[in-house]
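Heads up: the structure comes next, in structure tokens.
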Amino acid sequence: MHRSIAPLAILSLLLAAFLLGGDIVAAPLAPAKGKRKAASKKDDKVYLVHANELRYDLFGTNPDAQIAKGKVHFLHQGAHLWCDSAYYYEKSNSVKAFGHVHFKQGDTLSLNCDIATYDGGEELMVASKNVVLKHRRQTLYTDSLTYDRLYKTAYFVEGGKLIDGKDKLVSDWGEYSTSSRQAVFYFDVKLFNGSRLVTTDTLYYDTPTSVAHVVGPSKVESEGSTIETIDGYFNTKTDQAKMYGRSTVVDKQKTITGDSLFYDDNTGESEGFGNVVYIDNENKNELNCEHLIYNEQQGYGYATDNALVKDFSQRDTLYMHGDSIKIFTFNINTDSVYRKVHCFRHVRAYRTDVQAICDSLVFNSQDSCMTMYQDPVVWNMGRQLLGEVIRVYMNDSTIRMAHVEGQALSVEKVDDQEHFNQISSKEMKAFFIDGKINQAISYGNVLAVYYPIDEKDTTIIVMDYTETDTMKMYFSPERKLEKIWMNKATGTWYPLTQIPPNRLKLEQFAWLDNLRPLDKNDIFVWRGKESDAKLKVIERHSAPLQKLEGKESEENPVENAPAEQLPDENPLTADDSAIENLPTEVSENVPDVNNPDNHSDE
């Protein structure tokens, strides 16, 4: 009798509860089998806290479900779930919720959707349609989401979008950890950060630090610049980037590639390691090195370890190597901006038509002057030029003037019999038109050895030895010597069989062809001058010191000597007088080197 009355009594109580609209608290059942974790001391049952209506559908499609409607509220281990209606499976400890589903866990996590299934034993929620997961400041939007409370991870496989402040992430697949607050996105991933767009197939995103880590072929586009990398870290909060695995940055006409690249947008500091290649397509030059530092805001750069500069603005590429290269920018962000490039220690340069070596070099974009210091040597075809300092003035990467200061020496090999045309002086100047030599002037204590060649049979006739104060040479566009002018010259012509041994070569003579770079790879092999080939150290005249005592003045007679007795320290004075005393019949045919109209590139 009790077996038939008990179920009827229970149904009556439930019916009364529905009619009265009371709250129902479901009694816990035994734990289900096959759980993913060991049994806990906590109460792991899902409780029905409230429903306006509650009924069974014993003969319908869900006989095991309690049907709850109207302000339905469930509770499970501190988490709350609200919805419009639900199927409550007490035996399996699970819920299927419908309409305005709202799930809340603590004060930091909430989830909204249209439909959700929650398994209390597995602590697993599957949400679909208009899913919005909010955790702290992060918001995840998707149409299908699985939230695992046990492992504190949310998954989506049908496309999702994560909003984190100014960052927006979208992808086909993804997961988000509520404990570590890290997200992983797969397939067609896009990260939007202001004007920056990151495109990749795999992206790891750490929300506490706002650091995005891309893996695999990835691209970052921002205001005319593009970054390509296969392993990069981008801090969207501090605008810092770290890229590995041979990355490339393209900014308008400039490109930088390296095994590792680092960039800080706030300070403008960038750094590259490992086979760094910097290309400026606008100015047609390239810089290669193993370590590069550049500050965009200051315009300061430093390159070292196999540093190589390539200039391909001309028909042939110029290659230049030095131990280190520094770039300084002056008056940056103004109309009068200019740069100085310092290339120092073991500088070697090669181009098919010109080669050079020196210890250090400075290029100033303000006057387009390249200055070579400490035993500089320049080769052009069969000609060698050296001195204490060599200054080369450029015009759109084309040489317009060269100035050799101190112990200037020009040597040209004439034949294979050790005959050399030679000119030595205090200083030399050479002027060029369209990159071709037009005039050459030597000043001060000029000594010259010259071998005239018979144009008919190209044989050497005699040797001409000359001493003068100023010598000017004029060349044709084919670089052939057309005329020579000298002032108060003395000299001798020697037949080849009667040349005195001390006249064959000048005292300053040095033929350094063994130091000449042979090709673009040879510039990395330093070959310095032998000790006997280095320039002499010449003591410069120091300024006279003022003496207050009469006795001290008597001890320094040179300081008190009349001006006309002091040595002339200005070698250009002789040149000025030479031009003034130039004979009329010669001056009519010789262009005035001080007149810009006669050498427009001066």
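Chain labels follow the order of the structure tokens: the first chain is A, the next B, and so on; residue numbering restarts at 1 in every chain, and ligands are counted from 1 in their shown order.
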
Q | Members of stretch 17-192 of chain A assigned strand (DSSP E) by DSSP, as a PyMOL selection string | A | chain A and resi 47-50+53-56+66-76+79-89+94-105+109-119+124-135+138-148+153-156+160-164+167-171+173-177+182-192

How about saving the chosen residues, C-alpha atoms kept, as a short mmCIF file (atom, residue, chain, number, x, y, z; two decimals), in the first residue's frame?
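In the end it all went to selection09.cif:
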```cif
data_model
loop_
_atom_site.label_atom_id
_atom_site.label_comp_id
_atom_site.auth_asym_id
_atom_site.auth_seq_id
_atom_site.Cartn_x
_atom_site.Cartn_y
_atom_site.Cartn_z
CA TYR A 47 20.92 23.16 -6.65
CA LEU A 48 17.76 24.63 -8.06
CA VAL A 49 17.39 27.78 -5.97
CA HIS A 50 14.29 29.28 -7.54
CA GLU A 53 7.15 26.90 -12.21
CA LEU A 54 8.46 23.39 -11.86
CA ARG A 55 7.06 20.20 -13.32
CA TYR A 56 7.93 16.73 -14.57
CA GLN A 66 12.50 18.68 -14.17
CA ILE A 67 11.14 21.55 -16.24
CA ALA A 68 11.73 24.93 -14.58
CA LYS A 69 10.30 28.20 -15.83
CA GLY A 70 10.29 31.83 -14.77
CA LYS A 71 13.30 33.49 -13.11
CA VAL A 72 15.12 30.18 -12.86
CA HIS A 73 18.13 30.26 -10.58
CA PHE A 74 20.75 27.51 -10.04
CA LEU A 75 23.66 27.35 -7.64
CA HIS A 76 26.79 25.20 -7.90
CA ALA A 79 28.63 29.90 -9.07
CA HIS A 80 25.16 31.13 -10.03
CA LEU A 81 23.17 30.51 -13.20
CA TRP A 82 20.01 32.38 -14.16
CA CYS A 83 17.78 31.79 -17.17
CA ASP A 84 14.19 32.02 -18.42
CA SER A 85 13.65 28.24 -18.44
CA ALA A 86 15.66 25.09 -17.96
CA TYR A 87 15.74 21.32 -17.94
CA TYR A 88 17.14 20.20 -14.62
CA TYR A 89 18.60 16.69 -14.63
CA SER A 94 23.29 18.82 -15.03
CA VAL A 95 21.21 21.67 -16.43
CA LYS A 96 20.11 22.79 -19.88
CA ALA A 97 19.22 26.48 -19.74
CA PHE A 98 17.29 28.63 -22.25
CA GLY A 99 16.70 32.33 -22.73
CA HIS A 100 18.69 35.17 -21.18
CA VAL A 101 21.18 32.75 -19.68
CA HIS A 102 23.45 34.48 -17.23
CA PHE A 103 26.29 32.69 -15.41
CA LYS A 104 28.31 34.37 -12.69
CA GLN A 105 31.36 33.12 -10.84
CA LEU A 109 33.65 36.36 -14.28
CA SER A 110 30.27 36.37 -15.95
CA LEU A 111 28.82 34.71 -19.05
CA ASN A 112 25.73 35.56 -21.06
CA CYS A 113 24.20 33.54 -23.89
CA ASP A 114 20.89 32.28 -25.30
CA ILE A 115 21.38 28.54 -24.63
CA ALA A 116 23.70 26.73 -22.25
CA THR A 117 24.31 23.22 -20.93
CA TYR A 118 25.98 22.85 -17.57
CA ASP A 119 27.39 19.61 -16.17
CA LEU A 124 31.69 22.08 -17.73
CA MET A 125 29.46 24.60 -19.47
CA VAL A 126 28.67 24.66 -23.19
CA ALA A 127 27.16 27.98 -24.27
CA SER A 128 25.83 28.92 -27.70
CA LYS A 129 24.24 31.83 -29.55
CA ASN A 130 25.31 35.38 -28.67
CA VAL A 131 27.85 34.25 -26.09
CA VAL A 132 29.56 37.00 -24.10
CA LEU A 133 32.19 36.02 -21.53
CA LYS A 134 33.50 38.79 -19.29
CA HIS A 135 36.52 38.34 -17.06
CA GLN A 138 38.49 41.24 -20.93
CA THR A 139 35.39 40.44 -22.93
CA LEU A 140 35.06 37.44 -25.26
CA TYR A 141 32.37 37.31 -27.96
CA THR A 142 31.47 34.12 -29.83
CA ASP A 143 28.51 31.97 -30.93
CA SER A 144 29.74 28.77 -29.33
CA LEU A 145 31.83 28.48 -26.19
CA THR A 146 32.91 25.74 -23.83
CA TYR A 147 33.83 26.87 -20.35
CA ASP A 148 35.72 24.38 -18.18
CA THR A 153 39.59 27.59 -19.46
CA ALA A 154 37.16 28.75 -22.14
CA TYR A 155 37.26 27.35 -25.71
CA PHE A 156 35.64 28.35 -28.97
CA GLY A 160 35.50 34.48 -31.61
CA LYS A 161 36.55 37.99 -30.65
CA LEU A 162 38.42 39.10 -27.52
CA ILE A 163 38.34 42.75 -26.43
CA ASP A 164 41.05 43.89 -24.02
CA ASP A 167 43.19 45.58 -28.25
CA LYS A 168 40.82 43.46 -30.30
CA LEU A 169 41.59 39.84 -31.22
CA VAL A 170 39.62 37.70 -33.66
CA SER A 171 40.23 34.15 -34.88
CA TRP A 173 39.65 28.89 -32.89
CA GLY A 174 40.77 30.03 -29.49
CA GLU A 175 40.99 29.43 -25.77
CA TYR A 176 41.20 31.67 -22.75
CA SER A 177 42.43 30.80 -19.25
CA GLN A 182 46.28 34.05 -21.14
CA ALA A 183 44.62 33.47 -24.49
CA VAL A 184 45.65 31.38 -27.49
CA PHE A 185 44.19 31.95 -30.94
CA TYR A 186 44.48 29.76 -34.06
CA PHE A 187 43.66 30.12 -37.77
CA ASP A 188 43.14 33.46 -39.46
CA VAL A 189 44.11 35.42 -36.32
CA LYS A 190 43.93 39.21 -36.37
CA LEU A 191 44.99 41.58 -33.60
CA PHE A 192 43.82 45.19 -33.90
#
```

Q: Considering only C-alpha atoms, return as a list in words whatever protein or nucleic-acid residues lie within 7 Å of A:Tyr393, sequence-local ones (same chain, fewer than 3 positions apart) excluded.
A: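 Those residues are Ser368, Cys369, Met370, Ile399, Arg400, Met401 and Ala402 of chain A.
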
Output file for the selection above: N, CA, C and O atoms, as a short mmCIF file (atom, residue, chain, number, x, y, z; two decimals), in the first residue's frame:
```
data_model
loop_
_atom_site.label_atom_id
_atom_site.label_comp_id
_atom_site.auth_asym_id
_atom_site.auth_seq_id
_atom_site.Cartn_x
_atom_site.Cartn_y
_atom_site.Cartn_z
N SER A 368 78.29 67.43 -48.11
CA SER A 368 78.53 66.23 -48.93
C SER A 368 80.03 65.96 -49.05
O SER A 368 80.54 65.63 -50.13
N CYS A 369 80.73 66.10 -47.92
CA CYS A 369 82.18 65.90 -47.91
C CYS A 369 82.52 64.61 -47.16
O CYS A 369 82.03 64.38 -46.05
N MET A 370 83.36 63.78 -47.78
CA MET A 370 83.87 62.56 -47.15
C MET A 370 85.35 62.78 -46.88
O MET A 370 86.14 63.02 -47.80
N ILE A 399 81.43 62.30 -57.47
CA ILE A 399 82.52 63.12 -57.00
C ILE A 399 82.61 64.40 -57.82
O ILE A 399 82.47 64.39 -59.05
N ARG A 400 82.80 65.55 -57.13
CA ARG A 400 82.98 66.82 -57.82
C ARG A 400 84.33 67.46 -57.50
O ARG A 400 84.85 68.24 -58.30
N MET A 401 84.93 67.12 -56.36
CA MET A 401 86.25 67.64 -56.04
C MET A 401 86.93 66.74 -55.01
O MET A 401 86.27 66.19 -54.12
N ALA A 402 88.24 66.61 -55.14
CA ALA A 402 89.05 65.88 -54.16
C ALA A 402 90.17 66.81 -53.70
O ALA A 402 90.78 67.51 -54.52
#
```

**Q.** Spatial neighbours of A:Gly268, max dist 7 Å, only C-alpha atoms, sep filter under 6 positions, as a ChimeraX atom specification
**A.** /A:295-297

With C-alpha atoms kept, could you save the residues just selected as a compact mmCIF listing (two decimals), in the first residue's frame?
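So the final result, stored in part-v4.txt, reads:
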```txt
# COMPACT_ATOMS: atom_id res chain seq x y z
CA ASN A 295 67.49 55.76 -32.16
CA GLU A 296 64.87 57.25 -34.44
CA GLN A 297 64.16 60.22 -32.19
```

**Q.** Spatial neighbours of stretch 228-241 of chain A, max dist 8 Å, only C-alpha atoms, sep filter under 2 positions, as a PyMOL selection string
**A.** chain A and resi 167+193+209-220+226+243-249+261-266

(Q) Just want the 7 Å neighbourhood of A:Lys284, counted on only C-alpha atoms, with same-chain residues fewer than 2 positions away dropped. Output as a PyMOL selection string. (A) chain A and resi 280-282+311-313

Could you write out the selected residues, including N, CA and C atoms, as a CSV table (one decimal), in the first residue's frame?
```
chain,number,residue,atom,x,y,z
A,280,ASP,N,68.1,51.3,-47.7
A,280,ASP,CA,67.4,52.6,-48.0
A,280,ASP,C,67.3,52.7,-49.5
A,281,ASN,N,66.1,52.4,-50.0
A,281,ASN,CA,65.9,52.4,-51.4
A,281,ASN,C,65.7,53.8,-52.0
A,282,GLU,N,65.4,54.7,-51.1
A,282,GLU,CA,65.3,56.1,-51.5
A,282,GLU,C,66.6,56.7,-51.9
A,311,ASP,N,76.7,51.3,-51.5
A,311,ASP,CA,76.1,52.4,-52.2
A,311,ASP,C,75.9,52.0,-53.7
A,312,PHE,N,74.6,51.9,-54.0
A,312,PHE,CA,74.3,51.4,-55.4
A,312,PHE,C,73.5,52.6,-56.2
A,313,SER,N,73.9,53.8,-55.8
A,313,SER,CA,73.3,55.0,-56.5
A,313,SER,C,73.9,55.2,-57.9
```

Q: Go ahead and compute the interatomic distance for atom CA of A:Arg137 and atom CA of A:Lys152, in Å to one decimal.
A: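 Result for atom CA of A:Arg137 versus atom CA of A:Lys152: 16.7 Å, one decimal.
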
Q. So which residues touch A:Ala356 within 8 Å, counting only C-alpha atoms, skipping near sequence neighbours fewer than 6 positions away, as a PyMOL selection string?
A. chain A and resi 348-350+376-379+516-517

Q: Compare A:Phe344, A:Tyr204, A:Phe431, A:Tyr338 by their minimum atom-to-atom distance to A:Asp323, counting only C-alpha atoms, and give me the closest one.
A: A:Phe344

Q | Length of the atom CA of A:Pro495 to atom CA of A:Arg383 vector [Å] | A | 23.7 Å

Q: Quick one: everything within 6 Å of A:Lys326, counting only C-alpha atoms, minus sequence neighbours fewer than 2 positions away in the same chain. Send it as a ChimeraX atom specification.
A: /A:301-302,341-342

Any chance you can output those residues with all heavy atoms as a tab-separated table (two decimals), in the first residue's frame?
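Wrote it out as result-v9.tsv, contents follow:
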```tsv
chain	number	residue	atom	x	y	z
A	301	GLY	N	72.92	56.26	-34.65
A	301	GLY	CA	73.03	54.85	-35.00
A	301	GLY	C	74.44	54.34	-34.77
A	301	GLY	O	75.42	55.10	-34.85
A	302	TYR	N	74.54	53.04	-34.49
A	302	TYR	CA	75.84	52.40	-34.27
A	302	TYR	C	75.80	51.00	-34.83
A	302	TYR	O	74.89	50.22	-34.52
A	302	TYR	CB	76.16	52.37	-32.77
A	302	TYR	CG	77.45	51.63	-32.43
A	302	TYR	CD1	78.69	52.22	-32.68
A	302	TYR	CD2	77.42	50.36	-31.88
A	302	TYR	CE1	79.88	51.55	-32.37
A	302	TYR	CE2	78.60	49.68	-31.57
A	302	TYR	CZ	79.82	50.28	-31.81
A	302	TYR	OH	80.98	49.62	-31.52
A	341	VAL	N	78.45	60.66	-40.66
A	341	VAL	CA	78.68	59.22	-40.56
A	341	VAL	C	80.16	58.99	-40.29
A	341	VAL	O	81.01	59.45	-41.06
A	341	VAL	CB	78.25	58.49	-41.85
A	341	VAL	CG1	78.51	56.99	-41.72
A	341	VAL	CG2	76.78	58.75	-42.15
A	342	HIS	N	80.46	58.31	-39.18
A	342	HIS	CA	81.84	58.01	-38.80
A	342	HIS	C	82.10	56.52	-39.05
A	342	HIS	O	81.42	55.66	-38.47
A	342	HIS	CB	82.09	58.32	-37.32
A	342	HIS	CG	82.03	59.79	-37.00
A	342	HIS	ND1	82.82	60.37	-36.04
A	342	HIS	CD2	81.28	60.79	-37.51
A	342	HIS	CE1	82.56	61.67	-35.96
A	342	HIS	NE2	81.61	61.94	-36.86
```

Q. Quick one, how far is atom CA of A:Met428 from atom CA of A:Thr490?
A. 19.5 Å

Q) Which is closer to A:Lys529 than all the others in A:Asn445, A:Asn395, A:Gln374, A:Asn502, using only C-alpha atoms? A)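 Between A:Asn445, A:Asn395, A:Gln374, A:Asn502, the residue approaching A:Lys529 most closely is A:Gln374.
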